[in-house]
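The structure file upload.txt is reproduced below (compact mmCIF, C-alpha atoms).
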# COMPACT_ATOMS: atom_id res chain seq x y z
CA MET J 1 -28.11 -87.27 -17.02
CA SER J 2 -30.76 -84.94 -18.37
CA TRP J 3 -30.21 -82.55 -15.33
CA THR J 4 -26.51 -82.61 -16.08
CA ARG J 5 -27.01 -81.66 -19.73
CA ARG J 6 -29.33 -78.85 -18.83
CA GLY J 7 -26.79 -77.67 -16.33
CA PHE J 8 -24.05 -77.59 -18.95
CA ALA J 9 -26.31 -75.79 -21.39
CA ALA J 10 -27.11 -73.10 -18.86
CA LEU J 11 -23.43 -72.73 -18.07
CA ALA J 12 -22.61 -72.33 -21.76
CA VAL J 13 -25.18 -69.52 -22.10
CA CYS J 14 -23.65 -67.70 -19.12
CA VAL J 15 -20.18 -67.98 -20.60
CA LEU J 16 -21.43 -66.62 -23.92
CA LEU J 17 -23.10 -63.66 -22.31
CA LEU J 18 -20.00 -62.85 -20.29
CA THR J 19 -17.78 -63.19 -23.31
CA GLY J 20 -19.95 -60.90 -25.38
CA SER J 21 -20.05 -58.36 -22.62
CA ALA J 22 -16.30 -58.47 -22.26
CA GLY J 23 -15.86 -57.96 -25.98
CA CYS J 24 -18.01 -54.83 -25.94
CA GLY J 25 -15.98 -53.48 -23.04
CA THR J 26 -12.74 -54.00 -24.94
CA SER J 27 -13.95 -52.07 -27.95
CA ASP J 28 -14.98 -49.10 -25.74
CA THR J 29 -11.50 -48.70 -24.23
CA ASP J 30 -9.50 -48.57 -27.45
CA GLY J 31 -9.13 -44.75 -27.20
CA PRO J 32 -7.24 -42.74 -24.52
CA GLU J 33 -8.65 -42.86 -21.03
CA ARG J 34 -10.73 -39.78 -20.18
CA PRO J 35 -12.53 -38.96 -16.93
CA ALA J 36 -16.24 -39.57 -17.12
CA VAL J 37 -18.54 -36.56 -16.75
CA THR J 38 -21.49 -37.89 -14.78
CA ALA J 39 -24.39 -36.50 -12.85
CA ALA J 40 -22.04 -36.20 -9.87
CA ALA J 41 -20.44 -33.25 -11.69
CA GLY J 42 -23.63 -31.33 -11.05
CA ARG J 43 -25.76 -29.23 -13.33
CA LEU J 44 -25.19 -25.78 -14.71
CA LEU J 45 -27.30 -22.92 -13.39
CA ASP J 46 -28.13 -19.68 -15.08
CA ASP J 47 -26.75 -17.81 -12.08
CA THR J 48 -23.14 -16.58 -12.14
CA ASP J 49 -20.60 -15.23 -9.70
CA GLU J 50 -19.47 -11.58 -9.77
CA ASP J 51 -17.00 -12.40 -12.56
CA GLY J 52 -19.71 -13.88 -14.80
CA ARG J 53 -18.76 -17.56 -14.33
CA ARG J 54 -21.73 -19.91 -14.21
CA LEU J 55 -22.52 -21.87 -11.08
CA ARG J 56 -22.39 -25.68 -11.16
CA GLU J 57 -24.87 -27.00 -8.62
CA VAL J 58 -24.10 -30.23 -6.73
CA GLY J 59 -25.88 -31.94 -3.87
CA ARG J 60 -24.64 -31.47 -0.34
CA GLY J 61 -23.47 -35.05 -0.18
CA ASP J 62 -21.28 -34.58 -3.27
CA ALA J 63 -20.21 -30.99 -2.68
CA PRO J 64 -16.56 -30.14 -1.93
CA GLU J 65 -15.59 -27.93 1.00
CA VAL J 66 -12.80 -25.42 1.56
CA GLY J 67 -11.32 -23.66 4.57
CA ILE J 68 -8.77 -20.83 4.61
CA GLU J 69 -6.15 -19.60 7.08
CA VAL J 70 -4.07 -16.44 6.55
CA GLN J 71 -1.09 -15.56 8.76
CA PRO J 72 1.38 -12.61 8.52
CA GLU J 73 5.03 -13.14 7.67
CA ALA J 74 7.97 -11.18 9.08
CA ASP J 75 8.67 -9.45 5.74
CA GLY J 76 5.10 -8.14 5.41
CA ASP J 77 3.80 -10.91 3.10
CA TRP J 78 0.95 -13.23 4.10
CA ARG J 79 0.97 -17.03 4.28
CA VAL J 80 -2.25 -18.57 2.91
CA ARG J 81 -3.16 -22.18 3.70
CA LEU J 82 -6.25 -23.92 2.32
CA SER J 83 -7.85 -27.03 3.73
CA VAL J 84 -10.21 -28.96 1.43
CA ARG J 85 -12.52 -31.93 1.78
CA GLY J 86 -14.06 -33.91 -1.07
CA PHE J 87 -11.80 -31.98 -3.46
CA ARG J 88 -8.42 -32.38 -5.11
CA PHE J 89 -6.35 -29.83 -7.00
CA SER J 90 -5.87 -30.40 -10.73
CA PRO J 91 -2.32 -30.16 -12.09
CA ALA J 92 -1.45 -27.85 -14.96
CA GLY J 93 -2.51 -29.21 -18.33
CA THR J 94 -5.66 -30.90 -17.06
CA PRO J 95 -8.43 -30.95 -19.72
CA ALA J 96 -11.07 -28.22 -19.31
CA GLU J 97 -13.83 -30.58 -18.20
CA ALA J 98 -15.97 -30.59 -15.08
CA VAL J 99 -15.13 -33.64 -12.99
CA ALA J 100 -16.72 -34.13 -9.60
CA GLY J 101 -14.51 -33.08 -6.70
CA ARG J 102 -11.71 -31.67 -8.82
CA GLY J 103 -10.50 -28.27 -10.01
CA LEU J 104 -8.80 -25.09 -8.79
CA ALA J 105 -9.15 -22.57 -6.00
CA TYR J 106 -9.42 -18.89 -6.94
CA LEU J 107 -8.07 -16.43 -4.38
CA TYR J 108 -9.71 -13.02 -3.96
CA VAL J 109 -8.81 -9.96 -1.87
CA ASP J 110 -11.82 -7.73 -1.29
CA GLY J 111 -13.54 -9.29 -4.30
CA VAL J 112 -10.57 -8.84 -6.67
CA LEU J 113 -9.01 -12.00 -8.16
CA VAL J 114 -5.31 -12.17 -7.24
CA ALA J 115 -4.35 -15.83 -7.89
CA ARG J 116 -5.49 -19.21 -9.26
CA LEU J 117 -4.21 -21.98 -7.03
CA ARG J 118 -3.37 -25.57 -7.92
CA ASP J 119 -1.88 -26.13 -4.49
CA PRO J 120 -3.21 -25.51 -0.96
CA ALA J 121 -0.25 -23.26 0.01
CA HIS J 122 0.24 -19.73 -1.30
CA ARG J 123 2.23 -16.61 -0.39
CA LEU J 124 0.26 -13.39 -0.71
CA ALA J 125 2.43 -10.36 -1.50
CA ALA J 126 2.25 -7.47 0.96
CA GLY J 127 1.59 -5.02 -1.86
CA LEU J 128 -1.78 -6.69 -2.48
CA VAL J 129 -2.86 -6.02 1.10
CA PRO J 130 -2.61 -2.30 1.91
CA ARG J 131 -3.17 -0.80 5.34
CA GLY J 132 -6.53 -1.68 6.88
CA THR J 133 -8.93 -4.64 7.20
CA HIS J 134 -9.46 -6.94 4.20
CA HIS J 135 -11.42 -10.04 3.20
CA VAL J 136 -9.41 -12.91 1.68
CA THR J 137 -11.67 -15.47 -0.04
CA ALA J 138 -10.92 -18.92 -1.48
CA ARG J 139 -13.54 -20.20 -3.97
CA LEU J 140 -13.59 -23.62 -5.65
CA TYR J 141 -13.93 -23.95 -9.45
CA ALA J 142 -14.18 -26.90 -11.80
CA ASP J 143 -11.57 -27.32 -14.52
CA ASP J 144 -13.96 -25.88 -17.12
CA GLY J 145 -14.11 -22.57 -15.21
CA THR J 146 -17.55 -23.09 -13.63
CA VAL J 147 -18.09 -22.50 -9.93
CA TRP J 148 -18.90 -25.37 -7.61
CA ALA J 149 -22.11 -24.38 -5.82
CA VAL J 150 -24.56 -25.66 -3.22
CA ASP J 151 -28.10 -24.29 -2.98
CA GLY J 152 -27.21 -21.65 -5.55
CA GLU J 153 -24.25 -20.31 -3.56
CA PRO J 154 -20.54 -20.71 -4.49
CA VAL J 155 -18.44 -23.09 -2.41
CA GLU J 156 -16.03 -20.68 -0.72
CA ASN J 157 -14.64 -19.49 2.59
CA THR J 158 -13.35 -16.08 3.76
CA ALA J 159 -10.76 -14.93 6.31
CA ASP J 160 -10.61 -11.36 7.60
CA ILE J 161 -7.15 -9.87 8.12
CA THR J 162 -5.86 -6.46 9.24
CA ALA J 163 -2.65 -5.04 7.76
CA SER J 164 -0.60 -2.46 9.63
CA GLY J 165 0.60 -0.90 6.37
CA ALA J 166 4.33 -1.23 7.14
CA THR J 167 5.10 -1.69 3.45
CA ASP J 168 2.61 0.67 1.89
CA ALA J 169 5.22 3.28 0.95
CA PRO J 170 8.02 2.53 -1.56
CA GLY J 171 11.05 0.97 0.10
CA GLY J 172 8.96 -0.39 2.97
CA ALA J 173 8.76 2.89 4.87
CA ASP J 174 5.85 3.35 7.21
CA ALA J 175 3.07 5.57 6.03
CA PRO J 176 2.40 8.60 8.28
CA ASP J 177 -0.08 7.78 11.00
CA PRO J 178 -2.91 10.31 11.15
CA ALA J 179 -2.82 9.95 14.93
CA ASP J 180 0.70 11.44 14.93
CA ALA J 181 -0.41 14.68 13.29
CA PRO J 182 -0.06 17.83 15.46
CA ASP J 183 -3.13 18.69 17.49
CA PRO J 184 -4.65 21.97 16.23
CA ALA J 185 -5.26 22.89 19.88
CA ASP J 186 -1.47 22.99 20.42
CA ALA J 187 -0.92 25.56 17.67
CA PRO J 188 0.25 29.05 18.81
CA ASP J 189 -2.55 31.50 19.53
CA PRO J 190 -2.55 34.31 16.95
CA ALA J 191 -3.32 36.72 19.80
CA ASP J 192 0.11 35.94 21.30
CA ALA J 193 1.97 37.00 18.15
CA PRO J 194 4.05 40.24 18.41
CA ASP J 195 2.11 43.42 17.58
CA PRO J 196 3.55 45.03 14.43
CA ALA J 197 3.01 48.42 16.11
CA ASP J 198 5.62 47.45 18.76
CA ALA J 199 8.34 46.83 16.19
CA PRO J 200 11.18 49.44 16.09
CA ASP J 201 10.72 52.19 13.55
CA PRO J 202 13.26 51.79 10.72
CA ALA J 203 13.60 55.58 10.68
CA ASP J 204 15.18 55.40 14.17
CA ALA J 205 17.94 53.04 13.04
CA PRO J 206 21.31 54.49 11.93
CA GLY J 207 21.91 54.58 8.24
CA THR J 208 20.42 56.11 5.19
CA ALA J 209 16.80 55.93 4.18
CA ASP J 210 17.52 53.06 1.81
CA GLY J 211 19.04 50.93 4.60
CA THR J 212 22.70 51.21 3.48
CA GLU J 213 25.60 51.96 5.83
CA PRO J 214 25.98 55.78 6.31
CA ALA J 215 28.89 57.40 4.51
CA ALA J 216 31.67 59.24 6.37
CA ASP J 217 30.89 62.85 7.34
CA PRO J 218 33.13 65.10 5.16
CA ALA J 219 33.09 67.80 7.87
CA ARG J 220 34.61 65.45 10.42
CA PRO J 221 38.44 65.40 10.52
CA ALA J 222 39.75 62.12 9.26
CA ASP J 223 42.31 61.88 12.05
CA LEU J 224 39.58 61.62 14.68
CA ALA J 225 38.47 58.31 13.28
CA ASP J 226 41.71 56.95 11.80
CA PRO J 227 44.57 56.20 14.27
CA ALA J 228 47.12 56.74 11.51
CA HIS J 229 45.90 60.25 10.97
CA ALA J 230 45.88 60.87 14.73
CA ALA J 231 49.53 59.87 15.00
CA HIS J 232 50.44 62.15 12.14
CA ARG J 233 48.63 64.99 13.84
CA LYS J 234 50.69 64.57 17.04
CA ALA J 235 53.96 64.59 15.10
CA ALA J 236 53.20 67.88 13.21
CA PRO J 237 54.78 71.09 14.59
CA THR J 238 52.60 73.43 16.59
CA ALA J 239 52.35 77.03 15.35
CA ALA J 240 53.45 79.88 17.76
CA PRO J 241 50.64 81.76 19.43
CA THR J 242 49.75 85.13 17.89
CA ALA J 243 50.04 88.24 20.20
CA PRO J 244 46.76 89.98 20.83
CA GLU J 245 46.20 93.21 18.89
CA PRO J 246 46.17 96.36 21.17
CA SER J 247 42.78 97.86 21.56
CA THR J 248 42.05 101.50 20.60
CA PRO J 249 40.93 103.64 23.61
CA ASP J 250 37.47 105.12 23.51
CA PRO J 251 37.74 108.92 23.04
CA ARG J 252 34.97 109.41 25.59
CA SER J 253 36.70 107.51 28.39
CA PRO J 254 38.63 109.37 31.15
CA ALA J 255 41.84 107.74 30.11
CA ALA J 256 41.48 109.18 26.70
CA ASP J 257 40.86 112.61 28.15
CA GLY J 258 44.04 112.49 30.30
CA ARG J 259 46.14 111.52 27.38
CA ALA J 260 44.71 114.39 25.46
CA SER J 261 45.66 116.90 28.16
Written as structure tokens, how would this file's structure read?
Amino acid sequence: MSWTRRGFAALAVCVLLLTGSAGCGTSDTDGPERPAVTAAAGRLLDDTDEDGRRLREVGRGDAPEVGIEVQPEADGDWRVRLSVRGFRFSPAGTPAEAVAGRGLAYLYVDGVLVARLRDPAHRLAAGLVPRGTHHVTARLYADDGTVWAVDGEPVENTADITASGATDAPGGADAPDPADAPDPADAPDPADAPDPADAPDPADAPGTADGTEPAADPARPADLADPAHAAHRKAAPTAAPTAPEPSTPDPRSPAADGRAS
């Protein structure tokens, strides 16, 4: 009987302790539910990324991971696909608090921020990727804007892509390829150009000194050049020939002497 009473007494103490514990728990959950910020959310470092955002260091076992794949589209845009592990994207409106394994991915092209992603899929506009080779980087951030980091380095991944530049010019026209420029070796040799000394002398060309068409010669009969005048000339009467004037004999000639005798 005594063992039984002691057993009941011990049981009553256990029930009291559990009840008190449960009551404390109920009073702690009266407010709205908020994610707990624990040591798993890492610790802030004094180091920052290139944009001045502080690094949030986490252990390798708790650190998220990200991979990135970038593929070209037919219209010149680029399809970006992220793969994450130990990480989930926060929807819009999430409180700005650092919660382990949660946040956003920031997308960079050659170190320039181009998008903040709350989803693993993204379409990168062709205008953000001009002709040439580029580095597209996905970096993971907590909801408070700090950078998830391991061993003092941001958690990120980079893909290298090469754009042909088909949409560099307005309207999607191709930019001129330097390889298509004329080869200077194919240019005409200046030595083959015509010698100015071989050009005809303008003084030998018909016309006046100032290059105008020469005027008609006033001494030239108009009917020689104009058919109408020529026809008129043929129709005009011809004057009768004039008889030659008799010559006067020389007084010293024999004929003159005979006439004198």
> What is the CA of Gly103 in chain J to CA of Gly145 in chain J distance in Å?
Replying inline: 8.5 Å
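Ranking J:Asp49, J:Leu44, J:Ala138, J:Asp143 by their shortest atom-to-atom distance to Ala115 in chain J, with all atoms listed in the file included, puts J:Ala138 first.
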> Near range 159-161 of chain J, counting all atoms listed in the file, which residues have an atom at most 10 Å away, once you skip same-chain residues fewer than 6 positions from it, shown as a count of residues only?
Replying inline: 18
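Distances from J:Arg88, J:Asp144, J:Val99, J:Pro130 to Arg118 in chain J were compared using all atoms listed in the file, and the smallest one belongs to J:Arg88.
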>> Report as a PyMOL selection string all protein, DNA and RNA residues lying within 12 Å of Pro154 in chain J, evaluated on only C-alpha atoms, omitting residues in the same chain fewer than 3 positions from it.
In response: chain J and resi 45+47-50+53-58+63-66+105-106+137-142+146-151+157-158
>> When you count only C-alpha atoms, which of these residues is closest to Leu113 in chain J: J:Ala163, J:Asp51, J:Gly76, J:Ala41?
In response: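 Of all the options, J:Asp51 lies closest to Leu113 in chain J.
Picture a line from CA of Glu156 in chain J to CA of Ala74 in chain J; it runs 27.6 Å.
With CA of Asp77 in chain J on one side and CA of Arg123 in chain J on the other, the separation reads 6.9 Å.
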> Excluding same-chain residues fewer than 6 positions from Val114 in chain J, what lies within 9 Å of it counting all atoms listed in the file, as a VMD selection string?
Replying inline: chain J and resid 106 to 108 124 128
> From the list J:Gly111, J:Asp119, J:Arg79, J:Gly127, which residue is nearest Ser164 in chain J when using all atoms listed in the file?
Replying inline: J:Gly127
> Of the residues J:Gly59, J:Ser83, J:Ser90, J:Gly101, which is the one nearest to Ala121 in chain J, using only C-alpha atoms?
Replying inline: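 Answer, going by the shortest atom-to-atom distance: J:Ser83.
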